[in-house]
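Peer 1: Provided herewith is a single structure, encoded as structure tokens, for subsequent inquiry.
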Amino acid sequence: MRGAVDDVSYARVAVPAATGQAFDYWAPEGLGVVRGSLVRVRLARRRCVGVVTGVHATSEIARERVQPLDDVLALPPLPEDVVALAEFVSAYYREPIGLALSLAVPPVRAGARRRALAPPQALVLTEAGSAELAARAVRAPALSALFAKLRDAPGGIGGEAIAALAPRDRRRLAAWRAAGWVAEPEPTASARRVEPNDAQRAAVEAIAATAGRFSVTLLQGVTGSGKTDVYAAAAAGAIAGGGQVLLLVPEINLTPQLTARFAAALPGARIATLHSGLSDGERLDHWAVAASGEAALVVGTRLAVYAPLPRLALVIVDEEHDPSYKQQDGVRYHARDVAIVRARARGVPIVLGSATPSLETVLHARAGRYARVVLPERADPRARAPAIRFAPEDDPGAREGLAGPLVEAIRARLARREQSLVFVNRRGYAPSLKCAACAWEAGCPRCSARLVVHREPARLRCHHCGHAERIPRACPSCGNVDLHARGLGTQRIEAALAQAFPDARIARVDRDTTRVRGAFEAVREQVAAEGIDILVGTQMLAKGHDFPRLTLVGVIGADHALYSADFRAVERLAALLFQVAGRAGRAALPGEVVVQTAFPAHAVYRALAADDYDALASDLLEERRVAALPPHAHLVLLAAEAVSRDDVDRFLAAAEHEARAARARGRAAVEVHAPVPSLLARRAGHERAQIVVQASRRPELARFLDAWVPALRALPGRRVRWSLDVDPIAL
Ligand SMILES: [Zn+2]
Ligand SMILES: [Zn+2]
């Protein structure tokens with residue numbers, strides 16, 4: 001044993017492992033270990049980074065069995081509120097503390113990090129660069145093309161253009177940047193900055209009035225109402241008071257444009273971004289400037305809810321209804337809800353922004369627990385709500401899925417040199433391949449799902465497990481060669497549009513066309529430069545773009561959601577429809593939306609036509625109340641999967657038995673439902689089933705979980721993988 005006993009204290013370290021507990025390690029005094037310290041430890045034979053949750057003078061473990069810490073990372077410890085937040089997440093979502101805390105740990109694997117400069121959003125020639133390069137280009141023709149490109153672009157060349165350069169030119173640019181010959185352009189205040197209208201001003205004042213204390217404000221603004229300007233003004237106020245602002249955005253919405261708008265609105269304020277698109281080194285740098293307080297604004301996706309912010313003064317959650325805030329694997333937390341908990345703990349206000357707030361948030365606002373501020377008008381006084389029209393999907397004039405009125409509307413746009421967006425929320429060519437003679441339909445051998453027909457390359461693909469196979473020439477069941485691709489995907493609509501409008505410039509945006517980093521941005525730049533007439537794509541297109549010449553939105557295949565077994569499907573469809581409709585006619589040109597549907601009288605379409613989300617929210621809330629579903633009830637989902645159906649059934653039968661026992665033990669008023677197959681009953685060769693437990697009051701559910709979860713962990717079931725989802729957003 002090394003060292004005198006009284007030199008030693010014990011650090012309890014939470015490690016990112018599925019074990020429920022934290023472990024004790026020796027922490028020699030000189031290391032300065034405190035709660036929140038990031039330390040390297042050995043766990044079994046693995047080395048990992050853990051977080052110290054406490055330092056104690058004694059341990060329950062025999063001293064000779066306690067291992068020493070390897071070392072303490074040269075990073076500031078996690079602040080107390082972040083450690084406490086992770087402890088809350090662990091307790092609330094019933095996940096091991098080590099996993100909950102691992103969400104807050106910056107990517108330290110970057111270890112001896114190269115301090116790479118963050119990739120530039122744009123580069124312009126500096127004065128020194130102009131002189132130097134002009135001289136060199138004469139002698140080096142290889143340089144002159146790149147130099148000319150920079151010289152001829154007064155606003156600089158954009159990130160996409162840079163990404164598209166040959167590797168040699170990109171290396172050259174990096175060297176020039178290091179030499180100071182090119183630089184990122186200074187942010188300039190946006191020239192077309194519109195004066196805030198009365199509603200925006202009132203919203204900013206209402207938010208400012210909540211400064212210095214916890215309160216939740218729902219900022220409900222129609223698409224184009226200028227919520228971002230309100231965020232920026234509110235953030236400016238908080239920053240002027242010496243505070244830091246945390247802005248959470250959905251995955252897909254985190255665009256350079258958004259950051260650029262904030263940079264313009266907050267001159268001089270340092271902005272850090274945290275999202276999965278950054279390299280580990282970049283993320284670590286941004287984490288450090290957040291932790292040091294240098295960054296006035298931290299913009300990030302759900303993980304940023306854990307950002308260290310010593311002077312946090314305001315939290316903003318943009319598009320608070322967005323499902324991407326809920327993590328769907330690992331620790332299944334909801335970043336919006338966790339953000340509210342954090343704001344409460346820090347005693348700061350939080351703003352939830354949306355055009356189509358989640359029913360959870362609507363209910364809180366109606367009950368008076370949240371303040372509600374409305375932006376009823378579009379911020380651009382020239383912009384009006386788009387006209388909504390419906391067209392039957394099986395219109396006699398329809399061609400390949402395009403209804404006659406939609407075709408005519410697109411034709412009119414082409415004639416006026418305006419742009420159209422056609423929204424189809426399914427990628428691929430067609431969602432199924434069927435035999436015309438017998439009942440055969442192409443199915444995934446590993447999932448209970450149909451295979452999707454893809455073109456270029458022609459394949460049948462499973463969207464759940466990635467399985468792919470050749471398209472058969474004849475029905476494998478009866479030999480018939482008449483196989484039908486059924487239904488509409490983005491590729492099919494793209495083909496139909498190309499056939500109907502052979503001269504139009506068409507671009508498709510879905511997961512297949514945007515796998516390459518920067519591909520989506522490139523299309524966006526092309527649309528903005530009016531190099532594209534018709535955009536076809538999935539919900540990736542629904543958010544956050546302002547194209548002044550885009551005046552028509554077509555919606556195809558939305559009825560699909562009306563058949564869904566998921567109780568949130570209509571709420572989600574509404575959010576998508578309002579969002580995608582908001583793409584039409586953002587400025588001076590009036591917009592139009594053509595929805596292809598067999599059910600124009602459905603409440604969701606009526607609400608869209610009347611531009612009245614609140615009416616739909618009332619209807620849906622009433623439905624949920626009658627059916628005792630969230631937000632009028634609270635759910636927990638136990639999902640289990642295994643190769644063998646028997647293993648799943650046996651596990652869930654035991655889990656159900658334990659649930660009934662736990663309900664009795666905890667005297668909890670909860671309803672335990674019998675096990676049922678999951679919506680996707682088989683995935684990647686695994687059988688899947690689930691148990692739902694519901695309660696009308698949250699404390700009842702918590703008491704029940706206190707009794708049930710330990711029993712679940714004790715169940716035998718080595719071959720079964722299971723997970724618990726508290727407040728699931730999909731069943
Ligand atoms: Zn057949
Ligand atoms: Zn599959």
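All residue names refer to the structure tokens as shown: chains lettered A, B, ... in order, residues numbered from 1 in each chain, ligands numbered from 1 in order.
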Skip stretch 286-288 of chain A itself and residues of its chain fewer than 2 positions away, then list as number ranges by chain all residues within 7 Å of it, counting only C-alpha atoms.

Peer 2: A: 106, 272-274, 282-284, 290-292, 307

Peer 1: Using only C-alpha atoms and all ligand atoms, which residues have at least one atom no more than 9 Å from ligand 1? Output them as a PyMOL selection string.

Peer 2: chain A and resi 434-441+474-483

Peer 1: Okay, now the selection with C-alpha atoms, as a JSON list (two decimals), in the first residue's frame?

Peer 2:
[["chain", "number", "residue", "atom", "x", "y", "z"],
["A", 434, "LYS", "CA", -46.53, -6.33, -55.31],
["A", 435, "CYS", "CA", -47.45, -9.19, -57.59],
["A", 436, "ALA", "CA", -50.48, -8.44, -59.74],
["A", 437, "ALA", "CA", -51.52, -12.10, -59.86],
["A", 438, "CYS", "CA", -51.13, -13.37, -56.30],
["A", 439, "ALA", "CA", -50.83, -11.83, -52.84],
["A", 440, "TRP", "CA", -47.02, -11.73, -52.81],
["A", 441, "GLU", "CA", -45.39, -8.51, -51.64],
["A", 474, "ALA", "CA", -40.81, -12.42, -61.70],
["A", 475, "CYS", "CA", -42.91, -13.11, -58.64],
["A", 476, "PRO", "CA", -40.97, -15.59, -56.46],
["A", 477, "SER", "CA", -44.30, -17.06, -55.38],
["A", 478, "CYS", "CA", -46.19, -17.64, -58.65],
["A", 479, "GLY", "CA", -43.76, -16.77, -61.44],
["A", 480, "ASN", "CA", -45.89, -13.93, -62.80],
["A", 481, "VAL", "CA", -43.72, -11.21, -64.37],
["A", 482, "ASP", "CA", -46.25, -8.43, -63.77],
["A", 483, "LEU", "CA", -44.86, -6.85, -60.60]]

Peer 1: Please give me, as a list in words, the residues lying within 9 Å of ligand 2 when counting only C-alpha atoms and all ligand atoms.

Peer 2: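 Residues satisfying the distance criterion: Gly443, Cys444, Pro445, Arg446, Cys447, Ser448, Ala449, Arg450, Leu451, Arg461, Cys462, His463, His464, Cys465, Gly466, His467, Ala468, Arg682, Arg683, Ala684 and Gly685 of chain A.
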
Peer 1: Just asking: which residues within stretch 424-582 of chain A are helix (DSSP H, G or I) according to DSSP, as number ranges by chain?

Peer 2: A: 490-500, 519-528, 539-541, 558-563, 569-581

Peer 1: Quick one: everything within 12 Å of A:Ala662, counting only C-alpha atoms, minus sequence neighbours fewer than 5 positions away in the same chain. Send it as a PyMOL selection string.

Peer 2: chain A and resi 655-657+667-672+693+700-712

Peer 1: List the spatial neighbours of A:Leu297 as an MDAnalysis selection string - criterion: any atom at most 7 Å away, only C-alpha atoms, same-chain residues fewer than 4 positions off excluded.

Peer 2: chainID A and resid 244:246 270:272

Peer 1: Quick one: residues within 8 Å of A:Ala269, only C-alpha atoms, excluding same-chain residues fewer than 3 positions away - as a compact mmCIF listing (two decimals) with all heavy atoms, in the first residue's frame?

Peer 2:
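Done, and the output landed in part_5.txt:
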# COMPACT_ATOMS: atom_id res chain seq x y z
N ALA A 263 -24.98 36.01 -35.20
CA ALA A 263 -23.73 36.77 -35.21
C ALA A 263 -24.00 38.21 -35.62
O ALA A 263 -23.42 39.15 -35.07
CB ALA A 263 -22.74 36.11 -36.16
N LEU A 266 -25.89 39.99 -32.74
CA LEU A 266 -25.15 40.13 -31.48
C LEU A 266 -23.69 40.45 -31.79
O LEU A 266 -22.81 39.64 -31.54
CB LEU A 266 -25.23 38.83 -30.67
CG LEU A 266 -26.62 38.26 -30.40
CD1 LEU A 266 -26.52 36.86 -29.82
CD2 LEU A 266 -27.38 39.16 -29.44
N ALA A 295 -17.95 32.39 -24.15
CA ALA A 295 -19.03 32.35 -25.12
C ALA A 295 -20.28 32.95 -24.50
O ALA A 295 -20.72 32.52 -23.44
CB ALA A 295 -19.30 30.92 -25.56
N ALA A 296 -20.82 33.97 -25.15
CA ALA A 296 -22.04 34.59 -24.64
C ALA A 296 -23.26 33.79 -25.04
O ALA A 296 -24.26 33.76 -24.33
CB ALA A 296 -22.15 36.02 -25.18
N LEU A 297 -23.17 33.14 -26.19
CA LEU A 297 -24.30 32.36 -26.68
C LEU A 297 -23.80 30.98 -27.06
O LEU A 297 -22.80 30.84 -27.76
CB LEU A 297 -24.91 33.05 -27.91
CG LEU A 297 -26.00 32.28 -28.66
CD1 LEU A 297 -27.27 32.15 -27.83
CD2 LEU A 297 -26.31 32.95 -30.00

Peer 1: Dump as a tab-separated table the rows for residues of stretch 604-666 of chain A within 12 Å of stretch 210-229 of chain A: closest atom pair and distance in Å with one decimal, only C-alpha atoms counted, ordered by chain and rising residue number.

Peer 2:
residue	atom	partner	partner_atom	distance
A:Leu608	CA	A:Val222	CA	11.6
A:Asp611	CA	A:Val222	CA	8.7
A:Asp612	CA	A:Val222	CA	9.6
A:Tyr613	CA	A:Val222	CA	9.2
A:Asp614	CA	A:Gln220	CA	10.1

Peer 1: What does the distance from atom CA of A:Pro630 to atom CA of A:Glu571 come to in Å, to one decimal?

Peer 2: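 Interatomic distance here is 11.9 Å.
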
Peer 1: For the strand (DSSP E) assignment from backbone DSSP, which residues of stretch 524-715 of chain A qualify? Please present them as a PyMOL selection string.

Peer 2: chain A and resi 534-537+550-556+592-596+634-642+670-672+676-683+686-695

Peer 1: Please identify all polymer residues within 10 Å of A:Arg399, counting only C-alpha atoms, omitting same-chain residues fewer than 3 positions from it, and present them as a list of chain:residue names.

Peer 2: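 Surrounding residues, per the criterion: A:Asp394, A:Asp395, A:Pro396, A:Leu402, A:Ala403, A:Gly404, A:Val407, A:Ile493, A:Ala496, A:Leu497, A:Gln499, A:Ala500.
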
Peer 1: Would you save the residues from that selection as a compact mmCIF listing (two decimals), in the first residue's frame, using C-alpha atoms?

Peer 2:
# COMPACT_ATOMS: atom_id res chain seq x y z
CA ASP A 394 -56.83 9.87 -57.58
CA ASP A 395 -57.77 12.87 -59.68
CA PRO A 396 -58.66 11.80 -63.25
CA LEU A 402 -49.28 14.16 -59.39
CA ALA A 403 -52.84 15.47 -59.25
CA GLY A 404 -53.99 17.71 -62.11
CA VAL A 407 -49.38 19.95 -62.20
CA ILE A 493 -42.29 11.94 -57.92
CA ALA A 496 -42.93 12.10 -62.80
CA LEU A 497 -42.01 15.77 -62.57
CA GLN A 499 -41.53 13.70 -67.43
CA ALA A 500 -44.19 16.39 -67.04

Peer 1: Can you work out which one of A:Arg625, A:Arg426, A:His634, A:Arg663 has the shortest atom-to-atom distance to A:Val555, counting only C-alpha atoms?

Peer 2: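 Of A:Arg625, A:Arg426, A:His634, A:Arg663, the one nearest A:Val555, counting only C-alpha atoms, is A:Arg426.
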